[in-house]
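J.: This is start20.pdb (PDB, C-alpha atoms).
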```pdb
MODEL        1
ATOM      1  CA  MET A  26     211.130 101.511 118.253  1.00  0.00           C
ATOM      2  CA  LYS A  27     214.540 100.690 119.767  1.00  0.00           C
ATOM      3  CA  ASN A  28     213.025 100.807 123.290  1.00  0.00           C
ATOM      4  CA  LEU A  29     210.323  98.341 122.201  1.00  0.00           C
ATOM      5  CA  LYS A  30     212.975  95.863 120.985  1.00  0.00           C
ATOM      6  CA  ILE A  31     214.890  96.171 124.255  1.00  0.00           C
ATOM      7  CA  PHE A  32     211.685  95.716 126.263  1.00  0.00           C
ATOM      8  CA  THR A  33     210.699  92.665 124.158  1.00  0.00           C
ATOM      9  CA  ALA A  34     214.156  91.119 124.618  1.00  0.00           C
ATOM     10  CA  PHE A  35     213.912  91.702 128.377  1.00  0.00           C
ATOM     11  CA  VAL A  36     210.469  90.057 128.560  1.00  0.00           C
ATOM     12  CA  VAL A  37     211.722  87.038 126.584  1.00  0.00           C
ATOM     13  CA  LEU A  38     214.771  86.660 128.855  1.00  0.00           C
ATOM     14  CA  LEU A  39     212.566  86.918 131.932  1.00  0.00           C
ATOM     15  CA  ALA A  40     210.205  84.258 130.557  1.00  0.00           C
ATOM     16  CA  VAL A  41     213.114  81.911 129.827  1.00  0.00           C
ATOM     17  CA  ALA A  42     214.553  82.407 133.330  1.00  0.00           C
ATOM     18  CA  VAL A  43     211.199  81.710 134.980  1.00  0.00           C
ATOM     19  CA  SER A  44     210.650  78.622 132.790  1.00  0.00           C
ATOM     20  CA  CYS A  45     214.090  77.217 133.610  1.00  0.00           C
ATOM     21  CA  SER A  46     213.515  77.758 137.314  1.00  0.00           C
ATOM     22  CA  PHE A  47     210.142  75.994 137.084  1.00  0.00           C
ATOM     23  CA  LEU A  48     211.637  73.019 135.213  1.00  0.00           C
ATOM     24  CA  LYS A  49     214.463  72.724 137.745  1.00  0.00           C
ATOM     25  CA  ASN A  50     211.918  72.581 140.584  1.00  0.00           C
ATOM     26  CA  LEU A  51     209.968  69.856 138.762  1.00  0.00           C
ATOM     27  CA  SER A  52     213.000  67.658 138.182  1.00  0.00           C
ATOM     28  CA  SER A  53     214.430  68.004 141.692  1.00  0.00           C
ATOM     29  CA  GLY A  54     211.138  67.536 143.515  1.00  0.00           C
ATOM     30  CA  ASP A  55     210.242  64.947 146.082  1.00  0.00           C
ATOM     31  CA  LYS A  56     208.694  61.711 144.827  1.00  0.00           C
ATOM     32  CA  LEU A  57     206.524  59.008 146.401  1.00  0.00           C
ATOM     33  CA  TYR A  58     206.069  55.799 144.411  1.00  0.00           C
ATOM     34  CA  PHE A  59     205.390  52.103 144.890  1.00  0.00           C
ATOM     35  CA  CYS A  60     207.003  48.695 144.391  1.00  0.00           C
ATOM     36  CA  GLU A  61     206.270  45.097 145.352  1.00  0.00           C
ATOM     37  CA  LYS A  62     209.238  45.028 147.719  1.00  0.00           C
ATOM     38  CA  TYR A  63     212.614  46.605 148.353  1.00  0.00           C
ATOM     39  CA  THR A  64     215.737  44.563 149.016  1.00  0.00           C
ATOM     40  CA  THR A  65     218.971  46.063 147.681  1.00  0.00           C
ATOM     41  CA  SER A  66     216.965  47.351 144.733  1.00  0.00           C
ATOM     42  CA  GLU A  67     213.327  47.966 143.899  1.00  0.00           C
ATOM     43  CA  VAL A  68     211.348  44.945 142.698  1.00  0.00           C
ATOM     44  CA  GLY A  69     208.170  45.422 140.686  1.00  0.00           C
ATOM     45  CA  GLU A  70     207.854  49.213 140.598  1.00  0.00           C
ATOM     46  CA  GLY A  71     204.418  50.342 139.412  1.00  0.00           C
ATOM     47  CA  ASP A  72     201.147  52.059 140.207  1.00  0.00           C
ATOM     48  CA  LYS A  73     198.802  49.038 140.113  1.00  0.00           C
ATOM     49  CA  PHE A  74     198.979  46.116 142.569  1.00  0.00           C
ATOM     50  CA  PRO A  75     196.710  43.351 143.928  1.00  0.00           C
ATOM     51  CA  VAL A  76     195.171  43.588 147.407  1.00  0.00           C
ATOM     52  CA  GLY A  77     197.826  43.050 150.067  1.00  0.00           C
ATOM     53  CA  ALA A  78     201.037  44.629 151.277  1.00  0.00           C
ATOM     54  CA  ILE A  79     203.328  46.737 149.088  1.00  0.00           C
ATOM     55  CA  THR A  80     206.338  48.954 149.699  1.00  0.00           C
ATOM     56  CA  VAL A  81     206.028  52.729 149.559  1.00  0.00           C
ATOM     57  CA  MET A  82     209.188  54.491 148.368  1.00  0.00           C
ATOM     58  CA  VAL A  83     210.061  58.135 149.023  1.00  0.00           C
ATOM     59  CA  LYS A  84     212.921  59.902 147.247  1.00  0.00           C
ATOM     60  CA  LEU A  85     213.608  63.409 148.557  1.00  0.00           C
ATOM     61  CA  SER A  86     215.695  66.311 147.290  1.00  0.00           C
ATOM     62  CA  LYS A  87     217.035  66.860 150.846  1.00  0.00           C
ATOM     63  CA  PRO A  88     217.079  64.886 154.121  1.00  0.00           C
ATOM     64  CA  ILE A  89     213.693  64.360 155.767  1.00  0.00           C
ATOM     65  CA  GLY A  90     214.755  66.102 158.993  1.00  0.00           C
ATOM     66  CA  VAL A  91     212.500  64.191 161.414  1.00  0.00           C
ATOM     67  CA  SER A  92     212.627  60.876 163.268  1.00  0.00           C
ATOM     68  CA  SER A  93     209.073  59.664 162.630  1.00  0.00           C
ATOM     69  CA  VAL A  94     206.461  59.974 159.888  1.00  0.00           C
ATOM     70  CA  ASP A  95     203.061  58.577 158.988  1.00  0.00           C
ATOM     71  CA  ILE A  96     202.065  56.939 155.723  1.00  0.00           C
ATOM     72  CA  ASN A  97     198.460  58.019 155.232  1.00  0.00           C
ATOM     73  CA  ILE A  98     196.104  56.257 152.798  1.00  0.00           C
ATOM     74  CA  THR A  99     193.085  58.155 151.462  1.00  0.00           C
ATOM     75  CA  ASP A 100     190.359  56.679 149.243  1.00  0.00           C
ATOM     76  CA  LEU A 101     190.277  58.826 146.088  1.00  0.00           C
ATOM     77  CA  ALA A 102     186.572  58.185 145.446  1.00  0.00           C
ATOM     78  CA  SER A 103     185.353  59.311 148.867  1.00  0.00           C
ATOM     79  CA  GLY A 104     188.246  61.513 149.991  1.00  0.00           C
ATOM     80  CA  LYS A 105     188.215  59.734 153.355  1.00  0.00           C
ATOM     81  CA  ALA A 106     191.297  58.503 155.185  1.00  0.00           C
ATOM     82  CA  VAL A 107     191.385  54.698 155.161  1.00  0.00           C
ATOM     83  CA  ASP A 108     194.474  53.920 157.240  1.00  0.00           C
ATOM     84  CA  THR A 109     197.605  55.452 158.732  1.00  0.00           C
ATOM     85  CA  PHE A 110     200.880  53.625 159.343  1.00  0.00           C
ATOM     86  CA  PRO A 111     203.498  55.175 161.675  1.00  0.00           C
ATOM     87  CA  PHE A 112     207.177  54.671 160.823  1.00  0.00           C
ATOM     88  CA  THR A 113     210.469  55.555 162.475  1.00  0.00           C
ATOM     89  CA  VAL A 114     213.090  57.091 160.166  1.00  0.00           C
ATOM     90  CA  GLN A 115     216.509  58.712 160.437  1.00  0.00           C
ATOM     91  CA  SER A 116     216.450  62.501 160.058  1.00  0.00           C
ATOM     92  CA  SER A 117     219.390  62.310 157.601  1.00  0.00           C
ATOM     93  CA  TRP A 118     217.595  59.976 155.165  1.00  0.00           C
ATOM     94  CA  ASP A 119     216.549  61.226 151.741  1.00  0.00           C
ATOM     95  CA  TYR A 120     215.694  57.826 150.220  1.00  0.00           C
ATOM     96  CA  ILE A 121     213.284  55.795 152.329  1.00  0.00           C
ATOM     97  CA  HIS A 122     211.289  52.588 151.901  1.00  0.00           C
ATOM     98  CA  PHE A 123     208.225  51.786 153.978  1.00  0.00           C
ATOM     99  CA  ASP A 124     207.592  48.043 153.909  1.00  0.00           C
ATOM    100  CA  ASP A 125     204.308  46.189 154.405  1.00  0.00           C
ATOM    101  CA  VAL A 126     201.849  49.011 153.769  1.00  0.00           C
ATOM    102  CA  GLU A 127     198.616  47.020 153.689  1.00  0.00           C
ATOM    103  CA  PHE A 128     195.746  47.623 151.251  1.00  0.00           C
ATOM    104  CA  LYS A 129     192.709  45.554 152.259  1.00  0.00           C
ATOM    105  CA  GLU A 130     190.236  46.575 149.541  1.00  0.00           C
ATOM    106  CA  PRO A 131     190.455  47.251 145.798  1.00  0.00           C
ATOM    107  CA  GLY A 132     190.252  50.897 144.764  1.00  0.00           C
ATOM    108  CA  LYS A 133     192.253  53.965 143.860  1.00  0.00           C
ATOM    109  CA  TYR A 134     194.152  55.589 146.691  1.00  0.00           C
ATOM    110  CA  LYS A 135     196.223  58.675 147.416  1.00  0.00           C
ATOM    111  CA  VAL A 136     199.178  57.805 149.622  1.00  0.00           C
ATOM    112  CA  SER A 137     200.987  60.556 151.525  1.00  0.00           C
ATOM    113  CA  CYS A 138     204.086  60.638 153.672  1.00  0.00           C
ATOM    114  CA  LEU A 139     203.385  63.096 156.502  1.00  0.00           C
ATOM    115  CA  LYS A 140     205.531  64.561 159.217  1.00  0.00           C
ATOM    116  CA  LYS A 141     203.936  64.380 162.680  1.00  0.00           C
ATOM    117  CA  ASP A 142     203.028  68.085 162.466  1.00  0.00           C
ATOM    118  CA  GLY A 143     200.920  67.362 159.362  1.00  0.00           C
ATOM    119  CA  VAL A 144     203.380  68.671 156.756  1.00  0.00           C
ATOM    120  CA  VAL A 145     203.119  66.608 153.557  1.00  0.00           C
ATOM    121  CA  VAL A 146     206.530  65.274 152.504  1.00  0.00           C
ATOM    122  CA  ALA A 147     205.400  63.588 149.259  1.00  0.00           C
ATOM    123  CA  THR A 148     202.235  62.118 147.721  1.00  0.00           C
ATOM    124  CA  GLY A 149     201.462  59.501 145.063  1.00  0.00           C
ATOM    125  CA  GLU A 150     198.504  57.557 143.724  1.00  0.00           C
ATOM    126  CA  VAL A 151     198.085  53.803 143.433  1.00  0.00           C
ATOM    127  CA  GLU A 152     195.379  51.453 142.173  1.00  0.00           C
ATOM    128  CA  ILE A 153     194.676  48.264 144.103  1.00  0.00           C
ATOM    129  CA  THR A 154     192.970  45.399 142.259  1.00  0.00           C
ATOM    130  CA  LYS A 155     191.424  42.077 143.373  1.00  0.00           C
TER     131      LYS A 155
ENDMDL
END
```
As structure tokens, what does this structure read like?
T.:
Amino acid sequence: MKNLKIFTAFVVLLAVAVSCSFLKNLSSGDKLYFCEKYTTSEVGEGDKFPVGAITVMVKLSKPIGVSSVDINITDLASGKAVDTFPFTVQSSWDYIHFDDVEFKEPGKYKVSCLKKDGVVVATGEVEITK
């Protein structure tokens, strides 16, 4: 009976440790999101915008480590890539804005920041309206 209590306490402690580790990874993860424009601060952050150009924001938990990336736009309905925009960045940056990412048609899109070797840095979804 005493061994069962010790085993149960161990299992509970293990579950708590795993849960805390999981929550820490969620809160410190990389994030891609959208705003109307970026000056010294974000203007009009959201996930729904009219057809046209918006700014894609990427906030990372560590520096990006490369000098160029692509912003890739994929149509969620078809799963097909719609457009790719190349950008030059500083390898030390961990907070990056990509201006004038153009959406020509209404729809729901997955937007990804990709390193040139295809590694996904961060992904987000946006809806474009008329």
J.: Residues picked by the PyMOL selection byres ((chain A and resi 128) around 6) here, as a PyMOL selection string?
T.: chain A and resi 76-77+127+129-130
J.: I would like the residues chosen by the PyMOL selection byres ((chain A and resi 111) around 6) on the shown file; could you give them as a PyMOL selection string?
T.: chain A and resi 94-95+110+112
J.: Could you give me, as a tab-separated table, every range 119-146 of chain A residue with an atom at most 12 Å from range 53-64 of chain A, plus its closest atom pair and distance in Å to one decimal, counting all atoms listed in the file, rows ordered by chain then number?
T.:
```
residue	atom	partner	partner_atom	distance
A:Asp119	CA	A:Asp55	CA	9.3
A:Tyr120	CA	A:Lys56	CA	9.7
A:Ile121	CA	A:Leu57	CA	9.5
A:His122	CA	A:Tyr63	CA	7.1
A:Phe123	CA	A:Tyr63	CA	8.8
A:Asp124	CA	A:Lys62	CA	7.1
A:Asp125	CA	A:Lys62	CA	8.4
A:Val126	CA	A:Phe59	CA	10.0
A:Glu127	CA	A:Glu61	CA	11.5
A:Tyr134	CA	A:Phe59	CA	11.9
A:Lys135	CA	A:Leu57	CA	10.4
A:Val136	CA	A:Leu57	CA	8.1
A:Ser137	CA	A:Leu57	CA	7.7
A:Cys138	CA	A:Leu57	CA	7.8
A:Leu139	CA	A:Leu57	CA	11.3
A:Val145	CA	A:Asp55	CA	10.5
A:Val146	CA	A:Asp55	CA	7.4
```
J.: Just the number, please: distance in Å from CA of Ile98 in chain A to CA of Gly69 in chain A, one decimal.
T.: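 If I compute the distance from CA of Ile98 in chain A to CA of Gly69 in chain A, I get 20.2 Å.
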J.: Could you work out how far CA of Pro88 in chain A lies from CA of Trp118 in chain A, giving the answer in Å with one decimal?
T.: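 So the two atoms, CA of Trp118 in chain A and CA of Pro88 in chain A, lie 5.0 Å apart.
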J.: When you draw a straight line from CA of Gln115 in chain A to CA of Val91 in chain A, how long is it in Å?
T.: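 For CA of Gln115 in chain A relative to CA of Val91 in chain A, the distance reads 6.9 Å.
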J.: Once the PyMOL selection byres ((chain A and resi 74) around 7) is applied to the coordinates I shared, what remains selected? I want it as number ranges by chain.
T.: A: 72-73, 75-76, 152-154
J.: Rank A:Val151, A:Val83, A:Val114, A:Val68 by their smallest atom-to-atom distance to Leu101 in chain A, using only C-alpha atoms, and report the top residue only.
T.: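 Nearest to Leu101 in chain A: A:Val151.
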J.: Measuring atom to atom with only C-alpha atoms, identify which of A:Lys105, A:Leu85, A:Gly149, A:Thr99 is nearest to Gly71 in chain A.
T.: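 Of all the options, A:Gly149 lies closest to Gly71 in chain A.
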J.: With all atoms listed in the file as the atoms that count, which of A:Asp142, A:Val81, A:Lys87, A:Lys133 lies nearest to Asp100 in chain A?
T.: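 That would be A:Lys133, the residue with the smallest distance to Asp100 in chain A.
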J.: Enclose all atoms of range 84-99 of chain A listed in the file in an axis-aligned box, grow every side by 3 Å, and hand back centre and edge lengths in Å to one decimal, as lines of an AutoDock Vina configuration file.
T.:
```
center_x = 205.1
center_y = 61.6
center_z = 155.3
size_x = 30.0
size_y = 16.6
size_z = 22.0
```
J.: Have a look at A:Ser117, A:Lys141, A:Ser66, A:Gly104 and name the one nearest to Thr80 in chain A; count all atoms listed in the file.
T.: A:Ser66
J.: Find, counting only C-alpha atoms, the residue in A:Ala106, A:Ile96, A:Ser86, A:Ile79 that gets nearest to Thr148 in chain A.
T.: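 Among A:Ala106, A:Ile96, A:Ser86, A:Ile79, it is A:Ile96 that comes nearest to Thr148 in chain A.
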J.: Starting from the sparse input, extend range 136-152 of chain A to N, CA and C atoms and give the output as a PDB file, keeping the file's coordinate frame.
T.:
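So result-v6.pdb came out as:
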```pdb
ATOM      1  N   VAL A 136     198.306  58.174 148.517  1.00  0.00           N
ATOM      2  CA  VAL A 136     199.178  57.805 149.622  1.00  0.00           C
ATOM      3  C   VAL A 136     200.108  58.983 149.891  1.00  0.00           C
ATOM      4  N   SER A 137     200.166  59.403 151.156  1.00  0.00           N
ATOM      5  CA  SER A 137     200.987  60.556 151.525  1.00  0.00           C
ATOM      6  C   SER A 137     201.931  60.189 152.659  1.00  0.00           C
ATOM      7  N   CYS A 138     203.134  60.717 152.571  1.00  0.00           N
ATOM      8  CA  CYS A 138     204.086  60.638 153.672  1.00  0.00           C
ATOM      9  C   CYS A 138     203.974  61.966 154.406  1.00  0.00           C
ATOM     10  N   LEU A 139     203.632  61.896 155.706  1.00  0.00           N
ATOM     11  CA  LEU A 139     203.385  63.096 156.502  1.00  0.00           C
ATOM     12  C   LEU A 139     204.317  63.164 157.698  1.00  0.00           C
ATOM     13  N   LYS A 140     204.828  64.344 157.961  1.00  0.00           N
ATOM     14  CA  LYS A 140     205.531  64.561 159.217  1.00  0.00           C
ATOM     15  C   LYS A 140     204.484  64.618 160.316  1.00  0.00           C
ATOM     16  N   LYS A 141     204.885  64.423 161.562  1.00  0.00           N
ATOM     17  CA  LYS A 141     203.936  64.380 162.680  1.00  0.00           C
ATOM     18  C   LYS A 141     203.170  65.692 162.860  1.00  0.00           C
ATOM     19  N   ASP A 142     203.728  66.807 162.349  1.00  0.00           N
ATOM     20  CA  ASP A 142     203.028  68.085 162.466  1.00  0.00           C
ATOM     21  C   ASP A 142     202.049  68.316 161.314  1.00  0.00           C
ATOM     22  N   GLY A 143     201.882  67.279 160.456  1.00  0.00           N
ATOM     23  CA  GLY A 143     200.920  67.362 159.362  1.00  0.00           C
ATOM     24  C   GLY A 143     201.491  67.827 158.035  1.00  0.00           C
ATOM     25  N   VAL A 144     202.752  68.226 157.997  1.00  0.00           N
ATOM     26  CA  VAL A 144     203.380  68.671 156.756  1.00  0.00           C
ATOM     27  C   VAL A 144     203.513  67.479 155.802  1.00  0.00           C
ATOM     28  N   VAL A 145     203.046  67.660 154.565  1.00  0.00           N
ATOM     29  CA  VAL A 145     203.119  66.608 153.557  1.00  0.00           C
ATOM     30  C   VAL A 145     204.528  66.597 152.963  1.00  0.00           C
ATOM     31  N   VAL A 146     205.186  65.447 153.052  1.00  0.00           N
ATOM     32  CA  VAL A 146     206.530  65.274 152.504  1.00  0.00           C
ATOM     33  C   VAL A 146     206.431  64.957 151.020  1.00  0.00           C
ATOM     34  N   ALA A 147     205.581  63.992 150.652  1.00  0.00           N
ATOM     35  CA  ALA A 147     205.400  63.588 149.259  1.00  0.00           C
ATOM     36  C   ALA A 147     204.104  62.801 149.153  1.00  0.00           C
ATOM     37  N   THR A 148     203.519  62.793 147.963  1.00  0.00           N
ATOM     38  CA  THR A 148     202.235  62.118 147.721  1.00  0.00           C
ATOM     39  C   THR A 148     202.294  61.391 146.385  1.00  0.00           C
ATOM     40  N   GLY A 149     201.595  60.254 146.305  1.00  0.00           N
ATOM     41  CA  GLY A 149     201.462  59.501 145.063  1.00  0.00           C
ATOM     42  C   GLY A 149     200.126  58.804 145.043  1.00  0.00           C
ATOM     43  N   GLU A 150     199.761  58.276 143.864  1.00  0.00           N
ATOM     44  CA  GLU A 150     198.504  57.557 143.724  1.00  0.00           C
ATOM     45  C   GLU A 150     198.773  56.137 143.266  1.00  0.00           C
ATOM     46  N   VAL A 151     197.933  55.212 143.770  1.00  0.00           N
ATOM     47  CA  VAL A 151     198.085  53.803 143.433  1.00  0.00           C
ATOM     48  C   VAL A 151     196.691  53.195 143.251  1.00  0.00           C
ATOM     49  N   GLU A 152     196.620  52.209 142.356  1.00  0.00           N
ATOM     50  CA  GLU A 152     195.379  51.453 142.173  1.00  0.00           C
ATOM     51  C   GLU A 152     195.583  50.058 142.717  1.00  0.00           C
TER      52      GLU A 152
END
```
